[in-house]
Number of protein chains: 4
Amino acid sequence: MSLNAARGFASDNSATIHPDVLAAIARINVGHTFGYGHDDYTLSVEARVASAFGAQASAFFVFNGTGANVLSLRSACRRFEGVICAETAHLNVDECGAPEAIAGLKLLTVPGLDGKLTPELVESRIARIGDEHAVQPHLVSISQCTELGTLYTVDELRALVELGHSHDLLVHVDGARLSNAAAALGVSLSEAAAGADVVSFGGTKNGLLGAEAVVLLNPLLAHDFLYIRKQSMQLASKIWLRCAGHANAMAARLAAAVGEVPGVTITRPVQTNAVFALLPAPVIVSLQRDYPFYTWDEAAGEVRWMCSWDTTEDDVDGFAAAVRGALAR
Amino acid sequence: MSLNAARGFASDNSATIHPDVLAAIARINVGHTFGYGHDDYTLSVEARVASAFGAQASAFFVFNGTGANVLSLRSACRRFEGVICAETAHLNVDECGAPEAIAGLKLLTVPGLDGKLTPELVESRIARIGDEHAVQPHLVSISQCTELGTLYTVDELRALVELGHSHDLLVHVDGARLSNAAAALGVSLSEAAAGADVVSFGGTKNGLLGAEAVVLLNPLLAHDFLYIRKQSMQLASKIWLRCAGHANAMAARLAAAVGEVPGVTITRPVQTNAVFALLPAPVIVSLQRDYPFYTWDEAAGEVRWMCSWDTTEDDVDGFAAAVRGALAR
Amino acid sequence: MSLNAARGFASDNSATIHPDVLAAIARINVGHTFGYGHDDYTLSVEARVASAFGAQASAFFVFNGTGANVLSLRSACRRFEGVICAETAHLNVDECGAPEAIAGLKLLTVPGLDGKLTPELVESRIARIGDEHAVQPHLVSISQCTELGTLYTVDELRALVELGHSHDLLVHVDGARLSNAAAALGVSLSEAAAGADVVSFGGTKNGLLGAEAVVLLNPLLAHDFLYIRKQSMQLASKIWLRCAGHANAMAARLAAAVGEVPGVTITRPVQTNAVFALLPAPVIVSLQRDYPFYTWDEAAGEVRWMCSWDTTEDDVDGFAAAVRGALAR
Amino acid sequence: MSLNAARGFASDNSATIHPDVLAAIARINVGHTFGYGHDDYTLSVEARVASAFGAQASAFFVFNGTGANVLSLRSACRRFEGVICAETAHLNVDECGAPEAIAGLKLLTVPGLDGKLTPELVESRIARIGDEHAVQPHLVSISQCTELGTLYTVDELRALVELGHSHDLLVHVDGARLSNAAAALGVSLSEAAAGADVVSFGGTKNGLLGAEAVVLLNPLLAHDFLYIRKQSMQLASKIWLRCAGHANAMAARLAAAVGEVPGVTITRPVQTNAVFALLPAPVIVSLQRDYPFYTWDEAAGEVRWMCSWDTTEDDVDGFAAAVRGALAR
């Protein structure tokens with residue numbers, strides 16, 4: 001694809017930095033300050049992020065989502081402990097083995113339902129406690145929203161957290177898109193994370209400049225985190241902002257616009273900023289000539305369309321028209 | 001210290017992002033593109049960086065200096081291989097054990113002379129080859145310029161590289177400040193790295209926005225680097241620029257200005273953008289009230305002053321006057 | 001259970017050291033020799049083991065099966081590479097996460113059929129080649145015989161090896177019970193491993209004193225193995241022997257004896273020295289009072305009975321009678 | 001050297017298994033029992049070993065000294081914590097980088113005096129507490145007796161333990177030859193370890209069959225050790241015995257016999273079962289034709305002679321005569 005790729009639906013990572021973010025950086029880009037996250041800007045933004053998750057929470061900026069996830073795991077687990085997660089979890093399929101190679105941890109996967117864990121699925125991996133030949137489950141990792149764009153209700157999430165805690169397991173929320181989840185549920189970030197012990201909180205996908213954070217809601221995890229972050233090559237200074245509700249609204253608009261086109265089948269509940277759909281293979285190829293987006297499942301003909309903070313109504317309507325046109329041919 | 005710390009000499013990390021960099025980011029911050037370093041901007045900047053190091057070189061952006069160093073080591077060594085470096089190397093003292101914990105490698109340290117290795121020092125650790133009880137030396141890591149602000153001449157560096165290669169060792173240059181070294185030596189970046197196999201090339205300390213690169217001059221190391229970068233949580237997109245000569249000039253000006261003040265002893269050759277000096281302890285304390293800088297060696301009373309791309313002549317002259325004043329009291 | 005546990009069927013690890021082994025150790029237990037595997041005894045036994053696997057093979061003793069497996073993986077893979085294996089593989093379920101924590105590798109599991117891989121199952125994980133976000137498959141690990149007592153025919157194994165090699169994957173055989181497999185197939189050890197690149201070759205379960213070996217059939221893997229073994233804390237001197245055919249025969253006898261008892265269902269093909277069966281829960285509990293054996297699947301009521309080099313016909317017949325008696329009550 | 005190497009002084013690892021050990025193994029080598037260290041023999045021996053170190057201690061057998069050391073470190077430290085030890089420590093020079101590669105820990109070395117730490121040396125590395133860029137010291141590792149055959153008095157050791165504890169550091173004793181130390185000091189094993197938190201307790205060098213133990217005197221370390229041992233590939237069953245006083249006596253006899261021979265200089269205090277001496281190079285070569293022993297420092301002409309549980313007075317006297325003869329030529 002060309003240098004200035006068309007405004008497509010490939011990934012919410014393809015959007016630019018939000019102009020307000022760049023403006024804010026330019027505004028504070030004067031004078032000297034301390035590096036390594038000890039400047040007052042970073043400290044005050046970290047404090048604001050933390051306070052969104054409760055009085056006991058602390059927040060630490062890292063570079064990217066892989067970093068946030070792997071450092072969350074390192075803060076919670078020792079190397080003989082295991083992490084229960086869905087097979088579809090980003091942790092399991094898209095980190096190039098960092099949980100295993102860098103944190104040294106085994107993932108105890110379950111199949112998942114549209115990317116979601118259930119108490120029954122989690123319980124199926126709470127086994128062999130005290131058996132030295134088996135990794136000991138210590139953390140449940142839940143993606144809110146999931147990699148398939150689905151959502152946990154606050155009650156569903158709370159049930160998983162309670163189940164975990166009742167078995168002395170800690171709970172991690174991979175919140176790369178937690179803002180989208182909160183916006184979709186109409187709740188605060190804190191409620192969207194529902195009592196978890198540690199959250200990977202994503203900013204990059206919402207227009208920030210490489211800003212992801214690890215939020216430690218469980219104060220017992222905070223004691224050593226500075227060392228883990230530095231040693232894990234994730235120490236810098238960063239800032240934060242958010243504009244997630246709009247992306248969700250655009251996904252809903254897109255699903256509505258294409259969902260009734262003959263030949264298009266929406267395959268997953270559209271609950272946040274992702275739309276999954278089945279299309280005939282030649283239609284996919286033809287659309288991808290003008291609009292970047294990913295084929296999710298080649299064999300099934302399933303595609304994924306992501307909306308971003310900067311997706312416009314015109315973007316959505318134009319694309320829906322293109323889908324209709326391609327199917328009509 | 002206050003939110004807008006005075007323009008001190010604590011670290012070249014304390015300077016802001018160079019305004020040209022922010023402007024360049026703003027200029028390209030439109031439309032959509034591919035994430036994860038596959039956008040044309042990143043690819044073309046990586047190609048430009050690589051070409052500065054020769055036709056066979058390839059360059060990969062990472063987040064920070066720790067990342068550049070640890071990934072350089074991971075690309076060159078397996079876990080039973082060792083890295084010969086100076087005791088003062090940043091790798092050894094300031095990475096919170098990342099070389100050991102993340103790359104799994106033992107550092108084979110030697111004392112160093114003003115932070116520099118010599119062929120004799122390196123040869124003293126090329127021992128026990130073929131002895132399975134000992135880590136096998138595989139990489140020599142040299143800081144250009146060193147953590148003490150000293151420089152290798154091109155000939156000195158070439159001699160180390162030749163020594164390493166004659167023993168089948170690879171050579172790494174920690175070039176967090178390679179631009180300062182090149183500017184001080186009056187040579188190209190490529191000459192300042194003198195045939196090394198892999199270079200940690202730093203941009204952050206020269207006004208960039210978190211831009212560090214691993215440059216692989218030895219093409220055999222490039223094959224797997226994309227996986228190592230992703231797994232090591234260092235994959236993003238970044239851009240690059242440089243303005244190192246000015247920082248060196250300001251350090252020379254500072255050394256000249258304070259070097260003849262009674263009570264100040266310059267302790268290391270001032271060859272790049274660092275000045276090390278001995279001062280009476282109460283003078284240090286008094287100066288630090290207004291100017292941030294680090295005490296390097298508490299017991300000896302040795303301090304370090306770093307100049308940046310944005311250090312002005314007025315900054316230097318004002319500080320020199322303050323030193324003179326404090327000593328006069 | 002008491003100090004001298006009854007002669008049960010818990011594990012082929014429960015049997016004693018073969019008396020011939022102890023006698024052989026006593027015979028050579030005079031004078032001095034070199035430690036760390038450089039004694040002539042160890043070297044000559046390693047050479048004999050290696051020669052059983054072909055002229056290019058080399059063998060290295062390690063302490064236990066976990067060590068043999070993890071070191072096989074370390075010799076074949078770098079940390080961004082993945083290992084395709086069955087979900088039931090010992091590697092995946094019974095090493096307390098050592099492949100992940102010590103070798104730093106992700107296991108790419110498939111469900112397996114009675115513990116066996118098929119070419120189709122392996123191919124389903126050869127995906128995302130060249131995608132830096134995904135672990136790159138590099139090794140197929142096959143258990144011969146499997147953890148469920150089933151066997152690969154030589155043709156089945158050869159097909160898997162050919163599939164792997166055609167995709168540039170290496171092949172590992174977890175041969176903790178390879179002697180039992182060879183005896184059951186009536187072929188040599190070399191044929192039972194069918195062109196694999198690396199074999200974990202087990203001796204402990206056949207009456208040896210903690211003797212397991214890594215056999216490197218692919219000479220490219222041998223170069224660095226001494227360092228990997230020492231660093232992985234697996235260097236000592238050991239000796240080897242084998243008596244596997246008898247154990248298989250006893251398992252066949254046991255299956256025949258209990259297979260027709262009403263209330264007993266044999267659940268897996270009895271191909272080596274393991275018998276799996278369904279029994280009513282109270283019968284299991286009652287039998288375990290006198291005979292140690294493991295419940296394999298609590299929910300289903302499935303148990304596992306292992307025969308050893310020292311299982312006698314009387315042991316089998318007595319136990320079969322006890323099963324019959326317990327079910328009659 | 002030939003298959004049945006002469007009875008030399010290369011290493012206390014070269015001696016055979018003590019015949020009483022083999023006899024004891026043969027005596028219990030009947031019937032079945034549980035594997036993986038859960039048999040009554042292992043449990044009762046582990047309890048006996050533990051009780052030698054106090055009522056709160058627990059003991060766990062591992063395979064070898066590298067395993068005991070690395071597992072001691074893993075039980076005590078997280079990966080951002082450092083281990084203060086002497087440069088000459090076996091941990092630092094003879095484990096092929098296992099502390100770094102397997103435990104992920106940085107060693108903070110000090111020069112040592114004849115292999116011994118002093119409170120001043122330890123204090124020199126208790127620095128940068130709370131600085132996230134530096135590994136945080138967490139464990140002091142002391143070899144008793146040292147790799148140079150020297151000993152800590154009980155008072156010296158106690159002072160180091162108290163210093164460590166006063167700084168919230170744990171203390172590890174590498175006791176590969178702790179029995180020799182206890183015999184030389186005329187104190188119990190417990191006194192020879194003087195309040196350390198964790199001890200690598202060696203049996204192999206005293207005639208045992210690969211029996212080394214990790215003894216956890218600090219009960220806080222015991223909770224997770226079973227998982228660490230299994231995951232670190234060090235789980236098996238083993239037995240224990242000891243006969244160290246004799247080896248020390250033979251070393252004293254050897255030192256006395258050769259110490260007054262013109263041309264021989266004893267270079268280290270002979271406090272346990274090692275003798276270090278300077279000899280002319282041709283004499284070393286000539287002696288090594290008949291007696292295996294190691295050259296410790298090629299440049300200086302320093303050799304090491306180790307005595308074992310099976311070194312006889314005749315062995316010593318014959319060797320001393322050979323030294324005398326070689327020097328006379």
# chains A, B, ... in the order shown; residues from 1 in each chain; ligands from 1
>>> calpha_fit_rmsd(fixed="chain C", moving="chain A")
0.1 Å
>>> residues_around(residues="Arg74 (chain B)", least_positions_apart="6", cutoff="9 Å", atoms="only C-alpha atoms", output="MDAnalysis selection string")
chainID B and resid 99 102:105 225 228
>>> residues_around(residues="region 112-121 of chain D", least_positions_apart="2", cutoff="9 Å", atoms="only C-alpha atoms", output="MDAnalysis selection string")
chainID D and resid 85:89 109:110 123:125 142:152 156 159:160 163:164 268:269
>>> write_last_selection(atoms="N, CA and C atoms", output="CSV table (one decimal), in the first residue's frame")
chain,number,residue,atom,x,y,z
D,85,CYS,N,29.3,-11.6,46.1
D,85,CYS,CA,30.1,-12.8,46.4
D,85,CYS,C,31.6,-12.4,46.0
D,86,ALA,N,32.5,-13.3,46.3
D,86,ALA,CA,33.9,-13.1,45.9
D,86,ALA,C,34.1,-13.4,44.5
D,87,GLU,N,35.1,-12.7,43.8
D,87,GLU,CA,35.4,-13.0,42.4
D,87,GLU,C,35.8,-14.5,42.2
D,88,THR,N,36.4,-15.1,43.2
D,88,THR,CA,36.8,-16.4,43.1
D,88,THR,C,35.7,-17.5,43.4
D,89,ALA,N,34.5,-17.0,43.8
D,89,ALA,CA,33.4,-17.9,44.1
D,89,ALA,C,33.1,-18.9,42.9
D,109,THR,N,30.4,-8.8,42.4
D,109,THR,CA,31.6,-9.4,42.9
D,109,THR,C,32.6,-8.4,43.6
D,110,VAL,N,33.3,-9.0,44.6
D,110,VAL,CA,34.4,-8.2,45.2
D,110,VAL,C,35.7,-9.1,45.1
D,123,GLU,N,30.2,-4.6,52.5
D,123,GLU,CA,29.6,-3.3,52.6
D,123,GLU,C,29.9,-2.4,51.3
D,124,SER,N,31.0,-2.7,50.7
D,124,SER,CA,31.3,-1.9,49.5
D,124,SER,C,30.3,-2.1,48.4
D,125,ARG,N,29.6,-3.2,48.4
D,125,ARG,CA,28.6,-3.5,47.4
D,125,ARG,C,27.2,-3.2,47.8
D,142,ILE,N,28.7,-16.9,50.6
D,142,ILE,CA,30.0,-17.1,51.2
D,142,ILE,C,30.3,-18.6,51.0
D,143,SER,N,31.5,-18.9,50.6
D,143,SER,CA,31.9,-20.3,50.4
D,143,SER,C,32.6,-20.8,51.7
D,144,GLN,N,32.2,-21.8,52.3
D,144,GLN,CA,32.8,-22.3,53.6
D,144,GLN,C,33.0,-23.8,53.4
D,145,CYS,N,34.2,-24.4,53.2
D,145,CYS,CA,35.4,-23.6,53.0
D,145,CYS,C,35.5,-23.0,51.6
D,146,THR,N,36.4,-22.1,51.4
D,146,THR,CA,36.4,-21.4,50.1
D,146,THR,C,37.0,-22.2,49.0
D,147,GLU,N,37.0,-21.7,47.8
D,147,GLU,CA,37.5,-22.4,46.7
D,147,GLU,C,39.1,-22.5,46.8
D,148,LEU,N,39.6,-21.7,47.6
D,148,LEU,CA,41.1,-21.7,47.8
D,148,LEU,C,41.5,-22.5,49.1
D,149,GLY,N,40.5,-23.3,49.6
D,149,GLY,CA,40.8,-24.1,50.7
D,149,GLY,C,40.9,-23.4,52.1
D,150,THR,N,40.6,-22.1,52.1
D,150,THR,CA,40.6,-21.4,53.3
D,150,THR,C,39.3,-21.5,54.0
D,151,LEU,N,39.3,-21.1,55.3
D,151,LEU,CA,38.2,-21.3,56.2
D,151,LEU,C,37.8,-19.9,56.8
D,152,TYR,N,36.5,-19.8,57.1
D,152,TYR,CA,36.0,-18.8,58.0
D,152,TYR,C,35.9,-19.3,59.4
D,156,GLU,N,34.1,-15.1,62.4
D,156,GLU,CA,34.1,-14.4,61.1
D,156,GLU,C,32.8,-14.6,60.3
D,159,ALA,N,29.9,-12.7,61.9
D,159,ALA,CA,30.0,-11.3,61.7
D,159,ALA,C,29.4,-10.9,60.3
D,160,LEU,N,29.7,-11.8,59.3
D,160,LEU,CA,29.2,-11.6,58.0
D,160,LEU,C,27.7,-11.7,58.0
D,163,LEU,N,26.1,-8.7,59.6
D,163,LEU,CA,26.2,-7.6,58.8
D,163,LEU,C,25.1,-7.7,57.7
D,164,GLY,N,25.0,-8.8,57.1
D,164,GLY,CA,23.9,-9.0,56.0
D,164,GLY,C,22.6,-8.8,56.6
D,268,ARG,N,48.8,-21.0,50.3
D,268,ARG,CA,47.5,-20.6,51.0
D,268,ARG,C,47.5,-21.4,52.3
D,269,PRO,N,46.8,-20.8,53.3
D,269,PRO,CA,46.7,-21.6,54.5
D,269,PRO,C,46.0,-22.9,54.2
>>> residues_around(residues="region 66-73 of chain A", least_positions_apart="2", cutoff="7 Å", atoms="only C-alpha atoms", output="ChimeraX atom specification")
/A:62-64,75-77,95,98-99,103,174,198,200,212-214,229,234 /B:233
>>> write_last_selection(atoms="N, CA, C and O atoms", output="PDB file, in the first residue's frame")
ATOM      1  N   VAL A  62       4.659   2.631  30.580  1.00  0.00           N
ATOM      2  CA  VAL A  62       5.600   1.776  29.859  1.00  0.00           C
ATOM      3  C   VAL A  62       5.488   2.134  28.375  1.00  0.00           C
ATOM      4  O   VAL A  62       4.731   3.019  27.999  1.00  0.00           O
ATOM      5  N   PHE A  63       6.219   1.442  27.525  1.00  0.00           N
ATOM      6  CA  PHE A  63       6.293   1.851  26.126  1.00  0.00           C
ATOM      7  C   PHE A  63       5.154   1.334  25.250  1.00  0.00           C
ATOM      8  O   PHE A  63       4.694   2.019  24.351  1.00  0.00           O
ATOM      9  N   ASN A  64       4.763   0.091  25.476  1.00  0.00           N
ATOM     10  CA  ASN A  64       3.784  -0.472  24.552  1.00  0.00           C
ATOM     11  C   ASN A  64       2.958  -1.551  25.245  1.00  0.00           C
ATOM     12  O   ASN A  64       3.192  -1.881  26.427  1.00  0.00           O
ATOM     13  N   SER A  75       5.047  -8.692  37.589  1.00  0.00           N
ATOM     14  CA  SER A  75       4.782  -8.126  38.921  1.00  0.00           C
ATOM     15  C   SER A  75       3.951  -9.085  39.777  1.00  0.00           C
ATOM     16  O   SER A  75       4.025  -9.054  40.991  1.00  0.00           O
ATOM     17  N   ALA A  76       3.173  -9.944  39.137  1.00  0.00           N
ATOM     18  CA  ALA A  76       2.219 -10.775  39.881  1.00  0.00           C
ATOM     19  C   ALA A  76       2.693 -12.197  40.126  1.00  0.00           C
ATOM     20  O   ALA A  76       2.225 -12.839  41.070  1.00  0.00           O
ATOM     21  N   CYS A  77       3.574 -12.704  39.296  1.00  0.00           N
ATOM     22  CA  CYS A  77       3.881 -14.135  39.331  1.00  0.00           C
ATOM     23  C   CYS A  77       5.368 -14.414  39.495  1.00  0.00           C
ATOM     24  O   CYS A  77       6.199 -13.677  38.989  1.00  0.00           O
ATOM     25  N   GLU A  95       2.347 -11.869  21.133  1.00  0.00           N
ATOM     26  CA  GLU A  95       3.493 -11.254  21.829  1.00  0.00           C
ATOM     27  C   GLU A  95       4.799 -11.949  21.478  1.00  0.00           C
ATOM     28  O   GLU A  95       5.807 -11.768  22.169  1.00  0.00           O
ATOM     29  N   ALA A  98       6.778 -13.511  24.347  1.00  0.00           N
ATOM     30  CA  ALA A  98       7.394 -12.732  25.425  1.00  0.00           C
ATOM     31  C   ALA A  98       6.980 -13.212  26.825  1.00  0.00           C
ATOM     32  O   ALA A  98       7.820 -13.234  27.729  1.00  0.00           O
ATOM     33  N   PRO A  99       5.723 -13.596  27.054  1.00  0.00           N
ATOM     34  CA  PRO A  99       5.392 -14.086  28.401  1.00  0.00           C
ATOM     35  C   PRO A  99       6.271 -15.261  28.818  1.00  0.00           C
ATOM     36  O   PRO A  99       6.711 -15.335  29.962  1.00  0.00           O
ATOM     37  N   ALA A 103       9.151 -13.222  30.766  1.00  0.00           N
ATOM     38  CA  ALA A 103       8.655 -13.403  32.135  1.00  0.00           C
ATOM     39  C   ALA A 103       8.884 -14.827  32.616  1.00  0.00           C
ATOM     40  O   ALA A 103       8.816 -15.087  33.816  1.00  0.00           O
ATOM     41  N   ASP A 174      -6.196  -7.197  30.675  1.00  0.00           N
ATOM     42  CA  ASP A 174      -5.511  -6.612  29.531  1.00  0.00           C
ATOM     43  C   ASP A 174      -6.445  -5.552  28.962  1.00  0.00           C
ATOM     44  O   ASP A 174      -7.382  -5.861  28.230  1.00  0.00           O
ATOM     45  N   VAL A 198      -4.348  -5.988  38.740  1.00  0.00           N
ATOM     46  CA  VAL A 198      -3.404  -5.276  37.872  1.00  0.00           C
ATOM     47  C   VAL A 198      -4.028  -5.126  36.491  1.00  0.00           C
ATOM     48  O   VAL A 198      -4.693  -6.034  35.997  1.00  0.00           O
ATOM     49  N   SER A 200      -3.364  -3.684  32.437  1.00  0.00           N
ATOM     50  CA  SER A 200      -2.598  -3.076  31.337  1.00  0.00           C
ATOM     51  C   SER A 200      -3.519  -2.057  30.707  1.00  0.00           C
ATOM     52  O   SER A 200      -4.515  -2.416  30.079  1.00  0.00           O
ATOM     53  N   GLU A 212       1.273   3.625  27.270  1.00  0.00           N
ATOM     54  CA  GLU A 212       0.575   2.525  27.901  1.00  0.00           C
ATOM     55  C   GLU A 212       0.982   2.558  29.368  1.00  0.00           C
ATOM     56  O   GLU A 212       2.080   2.984  29.706  1.00  0.00           O
ATOM     57  N   ALA A 213       0.117   2.055  30.240  1.00  0.00           N
ATOM     58  CA  ALA A 213       0.469   2.046  31.652  1.00  0.00           C
ATOM     59  C   ALA A 213       0.143   0.699  32.272  1.00  0.00           C
ATOM     60  O   ALA A 213      -0.772   0.005  31.837  1.00  0.00           O
ATOM     61  N   VAL A 214       0.923   0.358  33.276  1.00  0.00           N
ATOM     62  CA  VAL A 214       0.549  -0.732  34.169  1.00  0.00           C
ATOM     63  C   VAL A 214      -0.065  -0.078  35.401  1.00  0.00           C
ATOM     64  O   VAL A 214       0.587   0.765  36.029  1.00  0.00           O
ATOM     65  N   ARG A 229      10.247  -2.624  35.961  1.00  0.00           N
ATOM     66  CA  ARG A 229      10.093  -1.820  34.759  1.00  0.00           C
ATOM     67  C   ARG A 229      11.439  -1.471  34.148  1.00  0.00           C
ATOM     68  O   ARG A 229      11.642  -1.622  32.939  1.00  0.00           O
ATOM     69  N   GLN A 234      11.619  -0.832  29.976  1.00  0.00           N
ATOM     70  CA  GLN A 234      10.376  -0.136  29.700  1.00  0.00           C
ATOM     71  C   GLN A 234      10.279   1.191  30.429  1.00  0.00           C
ATOM     72  O   GLN A 234       9.167   1.690  30.659  1.00  0.00           O
TER      73      GLN A 234
ATOM     74  N   MET B 233       9.758  -6.683  23.666  1.00  0.00           N
ATOM     75  CA  MET B 233       8.844  -5.586  24.008  1.00  0.00           C
ATOM     76  C   MET B 233       9.367  -4.241  23.547  1.00  0.00           C
ATOM     77  O   MET B 233       9.158  -3.243  24.210  1.00  0.00           O
TER      78      MET B 233
END
>>> closest_residue(among="D:Glu313, D:Asp297, D:Asp40, D:Asp94", to="chain C", atoms="only C-alpha atoms")
D:Asp40
>>> atom_distance(atom1="CA of Leu170 (chain C)", atom2="CA of Pro219 (chain B)")
24.2 Å
>>> interface_residues(of="chain D", to="chain A", cutoff="8 Å", atoms="only C-alpha atoms", output="PyMOL selection string")
chain D and resi 80+132-133+135+226-228+230-231
>>> atom_distance(atom1="CA of Arg324 (chain B)", atom2="CA of Leu279 (chain B)")
11.1 Å
>>> select_by_dssp(residues="region 33-155 of chain A", states="strand (DSSP E or B)", output="PyMOL selection string")
chain A and resi 58-62+81-86+106-110+113+116+136-143
>>> write_last_selection(atoms="N, CA and C atoms", output="compact mmCIF listing (two decimals), in the first residue's frame")
# COMPACT_ATOMS: atom_id res chain seq x y z
N SER A 58 -1.69 2.46 41.93
CA SER A 58 -0.56 3.24 41.44
C SER A 58 -0.40 2.91 39.95
N ALA A 59 0.13 3.88 39.21
CA ALA A 59 0.24 3.70 37.76
C ALA A 59 1.68 3.95 37.32
N PHE A 60 2.13 3.22 36.33
CA PHE A 60 3.50 3.30 35.83
C PHE A 60 3.46 3.25 34.32
N PHE A 61 3.96 4.27 33.66
CA PHE A 61 3.96 4.25 32.20
C PHE A 61 5.01 3.29 31.67
N VAL A 62 4.66 2.63 30.58
CA VAL A 62 5.60 1.78 29.86
C VAL A 62 5.49 2.13 28.38
N GLU A 81 4.72 -20.23 38.53
CA GLU A 81 3.28 -19.97 38.58
C GLU A 81 2.73 -19.77 37.17
N GLY A 82 1.45 -20.10 36.98
CA GLY A 82 0.87 -20.06 35.65
C GLY A 82 -0.23 -19.02 35.53
N VAL A 83 -0.54 -18.67 34.28
CA VAL A 83 -1.50 -17.62 33.96
C VAL A 83 -2.64 -18.21 33.14
N ILE A 84 -3.82 -18.20 33.72
CA ILE A 84 -5.00 -18.71 33.00
C ILE A 84 -5.51 -17.63 32.06
N CYS A 85 -5.65 -17.95 30.77
CA CYS A 85 -6.18 -16.98 29.82
C CYS A 85 -6.85 -17.69 28.66
N ALA A 86 -7.55 -16.92 27.85
CA ALA A 86 -8.20 -17.50 26.67
C ALA A 86 -7.17 -17.78 25.58
N LYS A 106 4.33 -19.88 32.10
CA LYS A 106 3.49 -20.72 31.25
C LYS A 106 2.07 -20.18 31.26
N LEU A 107 1.47 -20.13 30.07
CA LEU A 107 0.06 -19.74 29.95
C LEU A 107 -0.80 -21.00 29.95
N LEU A 108 -1.82 -20.99 30.79
CA LEU A 108 -2.75 -22.11 30.89
C LEU A 108 -4.01 -21.70 30.14
N THR A 109 -4.09 -22.07 28.87
CA THR A 109 -5.13 -21.53 28.01
C THR A 109 -6.41 -22.36 28.06
N VAL A 110 -7.50 -21.66 27.82
CA VAL A 110 -8.82 -22.32 27.64
C VAL A 110 -9.40 -21.76 26.35
N LEU A 113 -15.11 -18.18 24.71
CA LEU A 113 -16.34 -18.05 23.93
C LEU A 113 -16.36 -16.64 23.38
N LYS A 116 -14.10 -14.64 25.34
CA LYS A 116 -14.37 -14.40 26.77
C LYS A 116 -14.16 -15.64 27.63
N GLN A 136 1.74 -23.87 38.99
CA GLN A 136 0.67 -23.55 39.92
C GLN A 136 -0.08 -22.29 39.44
N PRO A 137 -1.37 -22.42 39.13
CA PRO A 137 -2.12 -21.24 38.66
C PRO A 137 -2.04 -20.11 39.69
N HIS A 138 -1.76 -18.90 39.21
CA HIS A 138 -1.61 -17.79 40.16
C HIS A 138 -2.30 -16.52 39.68
N LEU A 139 -2.61 -16.46 38.40
CA LEU A 139 -3.16 -15.24 37.83
C LEU A 139 -4.18 -15.61 36.76
N VAL A 140 -5.31 -14.90 36.76
CA VAL A 140 -6.27 -15.02 35.65
C VAL A 140 -6.12 -13.75 34.82
N SER A 141 -5.92 -13.89 33.51
CA SER A 141 -5.79 -12.72 32.64
C SER A 141 -7.00 -12.63 31.72
N ILE A 142 -7.68 -11.49 31.80
CA ILE A 142 -8.93 -11.25 31.09
C ILE A 142 -8.74 -10.04 30.18
N SER A 143 -9.15 -10.12 28.93
CA SER A 143 -9.07 -8.95 28.05
C SER A 143 -10.41 -8.22 28.05
>>> atom_distance(atom1="CA of Val49 (chain C)", atom2="CA of Asp197 (chain C)")
15.1 Å
>>> residues_around(residues="Leu254 (chain D)", least_positions_apart="4", cutoff="9 Å", atoms="only C-alpha atoms", output="list in words")
Ala249, Met250, Val258, Gly259, Val275, Trp305, Cys307, Glu313, Val316, Asp317, Phe319 and Ala320 of chain D
>>> write_last_selection(atoms="C-alpha atoms", output="compact mmCIF listing (two decimals), in the first residue's frame")
# COMPACT_ATOMS: atom_id res chain seq x y z
CA ALA D 249 43.90 -34.86 57.83
CA MET D 250 45.43 -36.14 54.61
CA VAL D 258 56.06 -31.33 50.93
CA GLY D 259 56.16 -27.98 52.68
CA VAL D 275 46.86 -27.76 49.32
CA TRP D 305 46.21 -30.87 45.33
CA CYS D 307 42.54 -34.97 49.26
CA GLU D 313 48.61 -42.17 54.14
CA VAL D 316 50.31 -38.96 50.48
CA ASP D 317 53.70 -40.33 51.36
CA PHE D 319 53.33 -38.48 46.28
CA ALA D 320 55.52 -36.46 48.61
